[in-house]
>>> print(open('run.pdb').read())   # PDB, C-alpha atoms
MODEL        1
ATOM      1  CA  MET A  23      -3.106 -78.996-125.301
ATOM      2  CA  PHE A  24       0.457 -77.810-124.933
ATOM      3  CA  ALA A  25       2.750 -76.982-122.030
ATOM      4  CA  LEU A  26       5.705 -74.599-122.148
ATOM      5  CA  ARG A  27       8.124 -75.287-119.328
ATOM      6  CA  SER A  28      11.718 -75.644-118.172
ATOM      7  CA  VAL A  29      13.471 -78.783-119.349
ATOM      8  CA  CYS A  30      13.710 -81.925-117.199
ATOM      9  CA  GLU A  31      15.775 -85.133-117.338
ATOM     10  CA  ASN A  32      12.916 -87.121-118.904
ATOM     11  CA  ASP A  33      13.086 -84.926-122.011
ATOM     12  CA  LEU A  34      16.390 -86.436-123.219
ATOM     13  CA  GLU A  35      15.021 -88.868-125.810
ATOM     14  CA  ASP A  36      12.592 -86.319-127.285
ATOM     15  CA  LEU A  37      15.296 -83.653-127.565
ATOM     16  CA  PHE A  38      17.649 -86.147-129.201
ATOM     17  CA  GLU A  39      14.933 -86.934-131.743
ATOM     18  CA  LEU A  40      14.425 -83.219-132.405
ATOM     19  CA  SER A  41      18.164 -82.748-132.885
ATOM     20  CA  SER A  42      18.103 -85.170-135.837
ATOM     21  CA  LEU A  43      15.650 -82.933-137.718
ATOM     22  CA  VAL A  44      17.947 -79.902-138.015
ATOM     23  CA  PHE A  45      21.615 -79.015-138.086
ATOM     24  CA  PHE A  46      22.049 -76.764-135.071
ATOM     25  CA  ILE A  47      25.136 -76.235-132.918
ATOM     26  CA  ASN A  48      22.818 -75.263-130.033
ATOM     27  CA  LEU A  49      21.072 -78.642-130.281
ATOM     28  CA  PRO A  50      23.749 -81.135-131.385
ATOM     29  CA  ASN A  51      22.752 -84.596-132.559
ATOM     30  CA  ASP A  52      24.714 -86.118-129.686
ATOM     31  CA  LYS A  53      22.859 -87.733-126.781
ATOM     32  CA  LYS A  54      25.750 -87.317-124.360
ATOM     33  CA  LEU A  55      26.021 -83.583-125.068
ATOM     34  CA  ILE A  56      22.260 -83.090-124.819
ATOM     35  CA  LYS A  57      22.249 -84.877-121.445
ATOM     36  CA  GLN A  58      24.967 -82.498-120.215
ATOM     37  CA  MET A  59      22.967 -79.525-121.512
ATOM     38  CA  ILE A  60      19.850 -80.674-119.660
ATOM     39  CA  GLU A  61      21.768 -81.109-116.397
ATOM     40  CA  SER A  62      23.344 -77.677-116.796
ATOM     41  CA  SER A  63      19.950 -76.098-117.505
ATOM     42  CA  ILE A  64      18.269 -77.650-114.472
ATOM     43  CA  LYS A  65      21.049 -76.225-112.302
ATOM     44  CA  ALA A  66      20.708 -72.773-113.915
ATOM     45  CA  PHE A  67      16.954 -72.660-113.273
ATOM     46  CA  GLU A  68      17.299 -73.830-109.681
ATOM     47  CA  ASP A  69      20.474 -72.011-108.618
ATOM     48  CA  PRO A  70      22.008 -69.770-111.312
ATOM     49  CA  SER A  71      25.731 -69.087-111.062
ATOM     50  CA  GLU A  72      26.966 -65.533-110.533
ATOM     51  CA  GLU A  73      29.264 -66.235-113.489
ATOM     52  CA  LYS A  74      26.589 -65.782-116.118
ATOM     53  CA  TYR A  75      28.426 -67.617-118.885
ATOM     54  CA  LYS A  76      27.846 -70.872-116.983
ATOM     55  CA  ASN A  77      24.057 -70.524-117.142
ATOM     56  CA  TYR A  78      22.149 -72.167-120.003
ATOM     57  CA  TYR A  79      18.353 -72.197-119.870
ATOM     58  CA  ILE A  80      16.389 -74.682-121.990
ATOM     59  CA  PHE A  81      12.643 -74.273-122.539
ATOM     60  CA  VAL A  82      10.539 -77.045-124.070
ATOM     61  CA  LEU A  83       7.112 -77.293-125.666
ATOM     62  CA  GLU A  84       5.277 -80.476-124.728
ATOM     63  CA  ASP A  85       2.252 -81.939-126.488
ATOM     64  CA  ILE A  86       0.409 -83.082-123.372
ATOM     65  CA  GLU A  87      -1.927 -85.422-125.223
ATOM     66  CA  ILE A  88       0.957 -87.663-126.297
ATOM     67  CA  ASN A  89       3.457 -86.685-123.555
ATOM     68  CA  LYS A  90       6.078 -85.677-126.085
ATOM     69  CA  VAL A  91       8.395 -82.672-126.389
ATOM     70  CA  VAL A  92       7.926 -81.187-129.868
ATOM     71  CA  GLY A  93       9.849 -77.927-129.564
ATOM     72  CA  VAL A  94      12.736 -76.272-127.774
ATOM     73  CA  SER A  95      14.313 -72.844-127.299
ATOM     74  CA  MET A  96      17.256 -71.625-125.241
ATOM     75  CA  ILE A  97      19.011 -68.751-123.490
ATOM     76  CA  HIS A  98      22.733 -68.542-122.781
ATOM     77  CA  ALA A  99      23.047 -65.888-120.099
ATOM     78  CA  GLN A 100      26.451 -64.749-121.413
ATOM     79  CA  HIS A 101      27.788 -65.686-124.828
ATOM     80  CA  GLY A 102      31.474 -64.790-124.865
ATOM     81  CA  TYR A 103      33.944 -64.689-121.980
ATOM     82  CA  GLU A 104      37.717 -64.793-121.488
ATOM     83  CA  GLN A 105      38.206 -68.506-122.156
ATOM     84  CA  GLU A 106      35.606 -68.716-124.945
ATOM     85  CA  PRO A 107      35.187 -65.359-126.728
ATOM     86  CA  HIS A 108      32.238 -64.467-128.910
ATOM     87  CA  PHE A 109      33.628 -64.386-132.472
ATOM     88  CA  PHE A 110      32.142 -62.531-135.423
ATOM     89  CA  LEU A 111      32.973 -61.091-138.819
ATOM     90  CA  LYS A 112      32.423 -57.341-138.985
ATOM     91  CA  ILE A 113      31.049 -56.161-142.321
ATOM     92  CA  GLY A 114      32.646 -52.980-143.610
ATOM     93  CA  GLN A 115      33.645 -51.077-146.729
ATOM     94  CA  GLU A 116      36.913 -49.855-148.176
ATOM     95  CA  ARG A 117      37.029 -47.147-150.840
ATOM     96  CA  LYS A 118      39.686 -47.250-153.550
ATOM     97  CA  PHE A 119      40.236 -44.449-156.097
ATOM     98  CA  SER A 120      42.793 -43.734-158.802
ATOM     99  CA  GLN A 121      43.099 -40.092-159.867
ATOM    100  CA  SER A 122      45.115 -40.962-162.964
ATOM    101  CA  LEU A 123      42.425 -43.370-164.176
ATOM    102  CA  ASN A 124      39.578 -41.374-162.647
ATOM    103  CA  THR A 125      38.170 -44.672-161.459
ATOM    104  CA  GLY A 126      37.095 -45.833-158.032
ATOM    105  CA  PHE A 127      35.627 -48.863-156.325
ATOM    106  CA  ILE A 128      33.897 -49.566-153.036
ATOM    107  CA  HIS A 129      34.848 -53.006-151.742
ATOM    108  CA  GLY A 130      32.827 -54.911-149.183
ATOM    109  CA  THR A 131      35.072 -56.265-146.447
ATOM    110  CA  LEU A 132      34.977 -58.800-143.622
ATOM    111  CA  LYS A 133      37.207 -58.712-140.536
ATOM    112  CA  LEU A 134      37.371 -61.133-137.639
ATOM    113  CA  GLY A 135      36.521 -59.670-134.229
ATOM    114  CA  TYR A 136      35.823 -61.066-130.790
ATOM    115  CA  ASP A 137      34.263 -60.100-127.455
ATOM    116  CA  THR A 138      35.289 -61.484-124.043
ATOM    117  CA  ASP A 139      32.400 -59.833-122.183
ATOM    118  CA  GLY A 140      29.597 -60.920-124.431
ATOM    119  CA  PRO A 141      25.835 -60.400-124.349
ATOM    120  CA  THR A 142      23.038 -62.768-123.433
ATOM    121  CA  GLU A 143      22.196 -64.986-126.394
ATOM    122  CA  ILE A 144      18.828 -66.417-127.375
ATOM    123  CA  GLY A 145      18.911 -69.341-129.781
ATOM    124  CA  GLY A 146      18.288 -73.022-130.315
ATOM    125  CA  LEU A 147      14.699 -72.534-131.486
ATOM    126  CA  VAL A 148      13.493 -75.803-132.999
ATOM    127  CA  LEU A 149       9.890 -76.818-133.642
ATOM    128  CA  HIS A 150       8.959 -80.234-135.006
ATOM    129  CA  PRO A 151       7.855 -79.870-138.669
ATOM    130  CA  ASP A 152       4.465 -81.472-137.913
ATOM    131  CA  TYR A 153       3.643 -78.588-135.572
ATOM    132  CA  ARG A 154       4.665 -75.660-137.755
ATOM    133  CA  GLY A 155       1.986 -73.342-139.092
ATOM    134  CA  SER A 156      -0.342 -74.045-136.149
ATOM    135  CA  LYS A 157      -3.064 -71.529-135.316
ATOM    136  CA  ASN A 158      -1.640 -71.569-131.777
ATOM    137  CA  LYS A 159       1.577 -69.925-133.055
ATOM    138  CA  LEU A 160       3.698 -72.507-131.289
ATOM    139  CA  GLY A 161       6.997 -71.191-132.640
ATOM    140  CA  LYS A 162       6.203 -67.726-131.364
ATOM    141  CA  GLN A 163       5.234 -69.168-127.982
ATOM    142  CA  LEU A 164       8.595 -70.953-127.771
ATOM    143  CA  SER A 165      10.406 -67.737-128.591
ATOM    144  CA  PHE A 166       8.381 -65.398-126.355
ATOM    145  CA  SER A 167       8.563 -67.736-123.341
ATOM    146  CA  ARG A 168      12.235 -66.685-123.109
ATOM    147  CA  PHE A 169      11.323 -62.995-123.022
ATOM    148  CA  LEU A 170       8.834 -63.660-120.230
ATOM    149  CA  TYR A 171      11.527 -65.442-118.224
ATOM    150  CA  MET A 172      14.058 -62.655-118.791
ATOM    151  CA  ALA A 173      11.474 -60.036-117.856
ATOM    152  CA  LYS A 174      10.801 -61.875-114.595
ATOM    153  CA  PHE A 175      14.493 -62.344-113.728
ATOM    154  CA  PRO A 176      16.357 -59.487-115.486
ATOM    155  CA  LYS A 177      19.367 -59.582-113.132
ATOM    156  CA  GLN A 178      20.255 -63.066-114.364
ATOM    157  CA  PHE A 179      21.022 -61.673-117.822
ATOM    158  CA  LYS A 180      23.145 -59.052-119.577
ATOM    159  CA  GLU A 181      21.773 -55.678-120.671
ATOM    160  CA  THR A 182      22.155 -56.632-124.349
ATOM    161  CA  ILE A 183      20.359 -59.590-125.950
ATOM    162  CA  HIS A 184      21.941 -61.242-128.970
ATOM    163  CA  SER A 185      20.600 -63.624-131.603
ATOM    164  CA  GLU A 186      22.499 -65.468-134.356
ATOM    165  CA  LEU A 187      20.258 -66.494-137.251
ATOM    166  CA  MET A 188      20.804 -69.468-139.541
ATOM    167  CA  PRO A 189      21.861 -68.603-143.103
ATOM    168  CA  PRO A 190      20.935 -70.538-146.248
ATOM    169  CA  LEU A 191      22.721 -73.904-146.326
ATOM    170  CA  ASP A 192      22.839 -76.429-149.147
ATOM    171  CA  SER A 193      21.008 -79.770-149.110
ATOM    172  CA  LYS A 194      23.918 -81.382-147.226
ATOM    173  CA  GLY A 195      24.031 -78.677-144.559
ATOM    174  CA  ASN A 196      27.161 -77.045-145.970
ATOM    175  CA  SER A 197      27.864 -73.311-145.878
ATOM    176  CA  PRO A 198      29.085 -71.525-149.043
ATOM    177  CA  LEU A 199      30.977 -68.980-146.922
ATOM    178  CA  TRP A 200      32.742 -71.721-144.987
ATOM    179  CA  GLU A 201      33.785 -73.427-148.212
ATOM    180  CA  ALA A 202      35.177 -70.107-149.491
ATOM    181  CA  ILE A 203      37.071 -69.060-146.349
ATOM    182  CA  GLY A 204      37.042 -71.402-143.361
ATOM    183  CA  ARG A 205      37.949 -74.646-145.092
ATOM    184  CA  ARG A 206      40.999 -72.996-146.688
ATOM    185  CA  PHE A 207      42.462 -72.164-143.286
ATOM    186  CA  LEU A 208      41.144 -74.861-140.964
ATOM    187  CA  ASN A 209      41.109 -77.963-143.206
ATOM    188  CA  MET A 210      37.840 -79.377-141.871
ATOM    189  CA  ASN A 211      34.238 -79.311-143.014
ATOM    190  CA  TYR A 212      31.601 -76.922-141.692
ATOM    191  CA  GLN A 213      29.891 -79.417-139.377
ATOM    192  CA  GLU A 214      33.197 -80.551-137.848
ATOM    193  CA  ALA A 215      34.328 -76.967-137.212
ATOM    194  CA  ASP A 216      30.964 -75.940-135.780
ATOM    195  CA  LYS A 217      30.934 -78.905-133.378
ATOM    196  CA  LEU A 218      34.553 -78.326-132.335
ATOM    197  CA  SER A 219      33.847 -74.650-131.637
ATOM    198  CA  ARG A 220      31.361 -75.718-128.959
ATOM    199  CA  GLU A 221      34.216 -76.975-126.794
ATOM    200  CA  ASN A 222      37.257 -75.131-128.143
ATOM    201  CA  LYS A 223      37.437 -71.712-129.806
ATOM    202  CA  GLU A 224      41.220 -71.253-129.652
ATOM    203  CA  PHE A 225      41.628 -72.551-133.196
ATOM    204  CA  ILE A 226      39.429 -69.762-134.589
ATOM    205  CA  LEU A 227      41.684 -66.992-133.310
ATOM    206  CA  ASN A 228      44.930 -68.740-134.267
ATOM    207  CA  LEU A 229      44.024 -70.175-137.680
ATOM    208  CA  PHE A 230      41.358 -67.855-139.109
ATOM    209  CA  PRO A 231      42.607 -64.931-141.277
ATOM    210  CA  SER A 232      43.027 -61.837-139.086
ATOM    211  CA  GLY A 233      43.288 -59.176-141.807
ATOM    212  CA  LEU A 234      40.643 -57.714-144.110
ATOM    213  CA  ILE A 235      38.861 -60.211-146.361
ATOM    214  CA  TYR A 236      37.606 -58.630-149.595
ATOM    215  CA  GLN A 237      34.174 -59.904-150.526
ATOM    216  CA  THR A 238      34.907 -59.366-154.227
ATOM    217  CA  LEU A 239      37.462 -62.200-154.039
ATOM    218  CA  LEU A 240      34.826 -64.671-152.835
ATOM    219  CA  PRO A 241      32.629 -66.828-155.099
ATOM    220  CA  LEU A 242      29.203 -65.370-155.844
ATOM    221  CA  GLU A 243      27.349 -67.992-153.776
ATOM    222  CA  ALA A 244      29.512 -67.151-150.748
ATOM    223  CA  ARG A 245      28.922 -63.396-151.137
ATOM    224  CA  ASP A 246      25.196 -63.991-151.463
ATOM    225  CA  ALA A 247      25.121 -65.916-148.154
ATOM    226  CA  ILE A 248      26.617 -63.101-146.067
ATOM    227  CA  GLY A 249      24.001 -61.648-143.713
ATOM    228  CA  LYS A 250      21.162 -63.654-145.274
ATOM    229  CA  VAL A 251      18.827 -66.110-143.540
ATOM    230  CA  GLY A 252      17.442 -69.440-144.690
ATOM    231  CA  ARG A 253      13.816 -69.795-145.716
ATOM    232  CA  ASP A 254      12.824 -71.497-142.441
ATOM    233  CA  THR A 255      14.492 -68.670-140.466
ATOM    234  CA  GLU A 256      12.765 -65.803-142.282
ATOM    235  CA  PRO A 257       9.756 -65.730-139.854
ATOM    236  CA  VAL A 258      12.175 -65.550-136.880
ATOM    237  CA  LYS A 259      13.997 -62.617-138.491
ATOM    238  CA  LYS A 260      10.733 -60.721-139.065
ATOM    239  CA  MET A 261       9.572 -61.409-135.510
ATOM    240  CA  LEU A 262      12.836 -60.140-133.997
ATOM    241  CA  GLU A 263      12.756 -56.985-136.102
ATOM    242  CA  LYS A 264       9.159 -56.345-135.085
ATOM    243  CA  ILE A 265       9.959 -56.385-131.352
ATOM    244  CA  GLY A 266      13.064 -54.204-131.513
ATOM    245  CA  PHE A 267      16.049 -56.253-132.686
ATOM    246  CA  LYS A 268      18.393 -54.776-135.293
ATOM    247  CA  TYR A 269      20.960 -56.246-137.654
ATOM    248  CA  MET A 270      24.447 -55.369-136.375
ATOM    249  CA  LYS A 271      26.404 -55.623-139.652
ATOM    250  CA  GLU A 272      28.097 -58.624-138.069
ATOM    251  CA  VAL A 273      27.883 -62.245-139.167
ATOM    252  CA  ASP A 274      28.929 -65.668-137.978
ATOM    253  CA  PRO A 275      32.544 -66.363-139.051
ATOM    254  CA  PHE A 276      31.661 -69.901-140.125
ATOM    255  CA  ASP A 277      28.475 -69.506-142.150
ATOM    256  CA  GLY A 278      27.770 -65.787-142.553
ATOM    257  CA  GLY A 279      24.479 -65.899-140.642
ATOM    258  CA  PRO A 280      23.431 -62.412-139.442
ATOM    259  CA  HIS A 281      23.724 -61.207-135.839
ATOM    260  CA  TYR A 282      20.780 -59.283-134.357
ATOM    261  CA  ARG A 283      20.716 -57.390-131.054
ATOM    262  CA  ALA A 284      18.483 -55.353-128.777
ATOM    263  CA  GLU A 285      18.752 -53.856-125.316
ATOM    264  CA  LEU A 286      16.855 -56.008-122.807
ATOM    265  CA  LYS A 287      14.842 -53.050-121.524
ATOM    266  CA  ASN A 288      13.846 -52.047-125.073
ATOM    267  CA  ILE A 289      12.464 -55.399-126.279
ATOM    268  CA  ASP A 290       8.761 -54.751-126.829
ATOM    269  CA  PRO A 291       7.206 -57.649-124.833
ATOM    270  CA  ILE A 292       9.652 -57.046-121.974
ATOM    271  CA  LYS A 293       8.731 -53.344-121.863
ATOM    272  CA  LYS A 294       5.094 -54.428-121.445
ATOM    273  CA  PHE A 295       5.751 -56.987-118.688
ATOM    274  CA  PHE A 296       3.321 -56.796-115.759
ATOM    275  CA  GLU A 297       2.271 -58.614-112.587
ATOM    276  CA  ALA A 298      -1.334 -59.290-111.654
ATOM    277  CA  THR A 299      -3.736 -61.676-109.974
ATOM    278  CA  VAL A 300      -6.043 -64.039-111.853
ATOM    279  CA  SER A 301      -9.774 -63.401-111.883
ATOM    280  CA  PHE A 302     -12.192 -65.812-113.549
ATOM    281  CA  GLU A 303     -15.216 -63.835-114.605
ATOM    282  CA  LYS A 304     -17.308 -62.964-117.642
ATOM    283  CA  THR A 305     -16.500 -59.788-119.498
ATOM    284  CA  LYS A 306     -17.679 -58.130-122.706
ATOM    285  CA  GLU A 307     -14.460 -56.171-123.102
ATOM    286  CA  LYS A 308     -12.131 -56.978-125.972
ATOM    287  CA  LYS A 309      -9.795 -59.800-125.043
ATOM    288  CA  HIS A 310      -6.091 -60.015-125.865
ATOM    289  CA  GLU A 311      -3.600 -62.848-125.794
ATOM    290  CA  PHE A 312      -0.948 -63.073-123.081
ATOM    291  CA  LEU A 313       1.820 -65.410-122.042
ATOM    292  CA  ILE A 314       1.738 -65.855-118.293
ATOM    293  CA  THR A 315       3.803 -67.690-115.716
ATOM    294  CA  THR A 316       2.962 -68.735-112.184
ATOM    295  CA  GLU A 317       4.462 -70.935-109.485
ATOM    296  CA  HIS A 318       4.495 -74.673-110.201
ATOM    297  CA  GLU A 319       5.221 -77.495-107.776
ATOM    298  CA  LYS A 320       7.181 -79.614-110.280
ATOM    299  CA  PHE A 321       8.933 -77.273-112.725
ATOM    300  CA  SER A 322      11.066 -74.178-112.165
ATOM    301  CA  PHE A 323       9.212 -72.362-114.929
ATOM    302  CA  VAL A 324       5.905 -72.904-116.685
ATOM    303  CA  CYS A 325       4.313 -70.682-119.284
ATOM    304  CA  LEU A 326       0.715 -70.561-120.526
ATOM    305  CA  LYS A 327      -0.994 -68.738-123.377
ATOM    306  CA  VAL A 328      -4.300 -67.260-122.257
ATOM    307  CA  LYS A 329      -6.881 -64.834-123.578
ATOM    308  CA  GLY A 330      -8.174 -62.137-121.285
ATOM    309  CA  VAL A 331      -8.389 -58.522-120.207
ATOM    310  CA  HIS A 332      -5.708 -56.737-118.185
ATOM    311  CA  LYS A 333      -7.291 -54.202-115.816
ATOM    312  CA  LYS A 334      -5.080 -52.512-113.235
ATOM    313  CA  ASN A 335      -3.735 -55.345-111.068
ATOM    314  CA  LYS A 336      -6.047 -58.062-112.421
ATOM    315  CA  LEU A 337      -5.974 -60.358-115.439
ATOM    316  CA  ILE A 338      -9.542 -61.342-116.198
ATOM    317  CA  ILE A 339      -9.779 -64.762-117.870
ATOM    318  CA  GLU A 340     -13.052 -66.423-118.864
ATOM    319  CA  ASP A 341     -11.754 -69.930-119.525
ATOM    320  CA  LYS A 342     -10.491 -71.746-116.461
ATOM    321  CA  HIS A 343      -7.202 -73.633-116.642
ATOM    322  CA  ARG A 344      -6.108 -76.562-114.498
ATOM    323  CA  LEU A 345      -2.831 -74.815-113.599
ATOM    324  CA  LEU A 346      -4.493 -71.574-112.507
ATOM    325  CA  LYS A 347      -6.578 -70.726-109.464
ATOM    326  CA  GLU A 348      -8.680 -67.691-108.631
ATOM    327  CA  GLY A 349      -6.473 -65.027-107.097
ATOM    328  CA  ALA A 350      -3.219 -66.675-108.205
ATOM    329  CA  SER A 351      -0.276 -64.320-108.685
ATOM    330  CA  ILE A 352       1.046 -64.249-112.236
ATOM    331  CA  GLN A 353       3.604 -62.408-114.361
ATOM    332  CA  ALA A 354       2.741 -61.761-117.983
ATOM    333  CA  ILE A 355       3.683 -60.256-121.327
ATOM    334  CA  PRO A 356       1.450 -59.499-124.328
ATOM    335  CA  PHE A 357       1.536 -62.155-127.031
TER
ENDMDL
END
>>> encode(input="run.pdb", output="structure tokens")
Amino acid sequence: MFALRSVCENDLEDLFELSSLVFFINLPNDKKLIKQMIESSIKAFEDPSEEKYKNYYIFVLEDIEINKVVGVSMIHAQHGYEQEPHFFLKIGQERKFSQSLNTGFIHGTLKLGYDTDGPTEIGGLVLHPDYRGSKNKLGKQLSFSRFLYMAKFPKQFKETIHSELMPPLDSKGNSPLWEAIGRRFLNMNYQEADKLSRENKEFILNLFPSGLIYQTLLPLEARDAIGKVGRDTEPVKKMLEKIGFKYMKEVDPFDGGPHYRAELKNIDPIKKFFEATVSFEKTKEKKHEFLITTEHEKFSFVCLKVKGVHKKNKLIIEDKHRLLKEGASIQAIPF
């Protein structure tokens, strides 16, 4: 049995172990930073700041049988503000033509841009390898739990939801695009720059090339990485596209990973959000899967996957659950 819930202080060691399995700026392999992230998240769940950029929400998946956190996902209520802008490379084209030679070319271009009033960002989705491919769709549960939370508390988030997907990296976690561009201007490796950017983004604006970058001047492996996702990220990309996210022709300035966005109100599970009361009874009607949340005495947010029938203001569930009572008020999205 699994529990999806808001993070707590006791999750530190498990999250640190998870951080060693992937290279992810949103889940750094640094116990001190993870501890700070947990403390910040607990505060955001309990008393979110009116300055949205201060609010980070961490959701964890716990294997109850062994009391261990095996997955994590996150929301940053505002990614990009005056002191720490949201940086990106805008993908464009430039046409060149010579009348005397009767020859023309279309060049792919990249140009650094930034936003000081950024969108809400979803990210940091990590599932332990031993739990991938489960019939319970644990990765999807981790991802959709965030949409349920945003649907329940829409005023805590921006109107636009943003997601940065991981591109293909080599066996050492290096980025071909970074080697072709970033290292030439910043004189540090990809991991160092990515970690530094978590606390200081000034160097990006002042050291990164500000003019057009012609893709034709880049090595083939760097060009091939622009806007692409790694093999492990392909299911996330397909899921986002299915529920309304679109590729923005923007990529991460460090690694070329694609940026996807959708309006909060237009994300499919959020559009289908509803409130109801629980009813335990037998029914012959076709059952569907839902993610639901209800009040919990210990955690700010808990999320359960159930199978049932939604009829008017009731959610009919045959199988009883220890966290649910007859007549309990719930909020839900289709799963």
>>> resolve_selection(input="run.pdb", expression="the PyMOL selection byres ((chain A and resi 231-240) around 12)", output="PyMOL selection string")
chain A and resi 109-117+127-136+198-208+225-230+241-248+275+278
>>> residues_around(input="run.pdb", residues="Asn89 (chain A)", least_positions_apart="5", cutoff="10 Å", atoms="only C-alpha atoms", output="JSON, numbers by chain")
{"A": [24, 25, 33, 36, 84]}
>>> closest_atom_pairs(input="run.pdb", of="region 146-226 of chain A", to="region 325-340 of chain A", cutoff="12 Å", atoms="all atoms listed in the file", output="Markdown table")
| residue | atom | partner | partner_atom | distance |
| --- | --- | --- | --- | --- |
| A:Asn158 | CA | A:Lys327 | CA | 8.9 |
| A:Lys159 | CA | A:Lys327 | CA | 10.1 |
| A:Leu160 | CA | A:Lys327 | CA | 9.9 |
| A:Lys162 | CA | A:Lys327 | CA | 10.8 |
| A:Gln163 | CA | A:Lys327 | CA | 7.8 |
| A:Leu164 | CA | A:Cys325 | CA | 9.5 |
| A:Ser165 | CA | A:Cys325 | CA | 11.5 |
| A:Phe166 | CA | A:Cys325 | CA | 9.7 |
| A:Ser167 | CA | A:Cys325 | CA | 6.6 |
| A:Arg168 | CA | A:Cys325 | CA | 9.7 |
| A:Phe169 | CA | A:Cys325 | CA | 11.1 |
| A:Leu170 | CA | A:Cys325 | CA | 8.4 |
| A:Tyr171 | CA | A:Cys325 | CA | 9.0 |
| A:Lys174 | CA | A:Cys325 | CA | 11.9 |
>>> write_last_selection(input="run.pdb", atoms="C-alpha atoms", output="PDB file, in the coordinates of the input")
ATOM      1  CA  ASN A 158      -1.640 -71.569-131.777  1.00  0.00           C
ATOM      2  CA  LYS A 159       1.577 -69.925-133.055  1.00  0.00           C
ATOM      3  CA  LEU A 160       3.698 -72.507-131.289  1.00  0.00           C
ATOM      4  CA  LYS A 162       6.203 -67.726-131.364  1.00  0.00           C
ATOM      5  CA  GLN A 163       5.234 -69.168-127.982  1.00  0.00           C
ATOM      6  CA  LEU A 164       8.595 -70.953-127.771  1.00  0.00           C
ATOM      7  CA  SER A 165      10.406 -67.737-128.591  1.00  0.00           C
ATOM      8  CA  PHE A 166       8.381 -65.398-126.355  1.00  0.00           C
ATOM      9  CA  SER A 167       8.563 -67.736-123.341  1.00  0.00           C
ATOM     10  CA  ARG A 168      12.235 -66.685-123.109  1.00  0.00           C
ATOM     11  CA  PHE A 169      11.323 -62.995-123.022  1.00  0.00           C
ATOM     12  CA  LEU A 170       8.834 -63.660-120.230  1.00  0.00           C
ATOM     13  CA  TYR A 171      11.527 -65.442-118.224  1.00  0.00           C
ATOM     14  CA  LYS A 174      10.801 -61.875-114.595  1.00  0.00           C
TER      15      LYS A 174
END
>>> residues_around(input="run.pdb", residues="Met96 (chain A)", least_positions_apart="2", cutoff="9 Å", atoms="all atoms listed in the file", output="MDAnalysis selection string")
chainID A and resid 48 78:82 94 98 143:147 165 168
>>> closest_residue(input="run.pdb", among="A:Val91, A:Val273, A:Glu303, A:Gly279", to="Pro190 (chain A)", atoms="all atoms listed in the file")
A:Gly279
>>> residues_near_point(input="run.pdb", point="(12.1, -56.1, -129.5)", cutoff="8 Å", atoms="all atoms listed in the file", output="list in words")
Leu262, Glu263, Lys264, Ile265, Gly266, Phe267, Ala284, Asn288, Ile289, Asp290, Pro291 and Ile292 of chain A
>>> atom_distance(input="run.pdb", atom1="CA of Lys260 (chain A)", atom2="CA of Ser41 (chain A)")
24.1 Å
>>> resolve_selection(input="run.pdb", expression="the PyMOL selection byres ((chain A and resi 357) around 7)", output="list in words")
Glu311, Phe312, Leu313, Ile355 and Pro356 of chain A
>>> decode(input="run.pdb", residues="region 209-232 of chain A", atoms="C-alpha atoms", output="PDB file, in the first residue's frame")
ATOM      1  CA  ASN A 209      34.422  28.026 -17.500  1.00  0.00           C
ATOM      2  CA  MET A 210      32.715  25.433 -15.304  1.00  0.00           C
ATOM      3  CA  ASN A 211      31.134  22.053 -15.901  1.00  0.00           C
ATOM      4  CA  TYR A 212      27.407  21.458 -16.308  1.00  0.00           C
ATOM      5  CA  GLN A 213      26.802  20.129 -12.791  1.00  0.00           C
ATOM      6  CA  GLU A 214      28.688  23.023 -11.170  1.00  0.00           C
ATOM      7  CA  ALA A 215      26.770  25.626 -13.189  1.00  0.00           C
ATOM      8  CA  ASP A 216      23.419  23.960 -12.545  1.00  0.00           C
ATOM      9  CA  LYS A 217      24.055  23.837  -8.785  1.00  0.00           C
ATOM     10  CA  LEU A 218      25.290  27.440  -8.694  1.00  0.00           C
ATOM     11  CA  SER A 219      22.203  28.629 -10.581  1.00  0.00           C
ATOM     12  CA  ARG A 220      20.059  27.399  -7.686  1.00  0.00           C
ATOM     13  CA  GLU A 221      21.434  30.164  -5.476  1.00  0.00           C
ATOM     14  CA  ASN A 222      22.743  32.737  -7.954  1.00  0.00           C
ATOM     15  CA  LYS A 223      21.535  33.488 -11.483  1.00  0.00           C
ATOM     16  CA  GLU A 224      23.393  36.781 -11.983  1.00  0.00           C
ATOM     17  CA  PHE A 225      26.245  35.024 -13.766  1.00  0.00           C
ATOM     18  CA  ILE A 226      23.900  33.733 -16.483  1.00  0.00           C
ATOM     19  CA  LEU A 227      22.832  37.207 -17.574  1.00  0.00           C
ATOM     20  CA  ASN A 228      26.327  38.705 -17.375  1.00  0.00           C
ATOM     21  CA  LEU A 229      28.428  35.894 -18.863  1.00  0.00           C
ATOM     22  CA  PHE A 230      26.121  34.026 -21.255  1.00  0.00           C
ATOM     23  CA  PRO A 231      26.109  35.219 -24.914  1.00  0.00           C
ATOM     24  CA  SER A 232      23.296  37.748 -25.399  1.00  0.00           C
TER      25      SER A 232
END
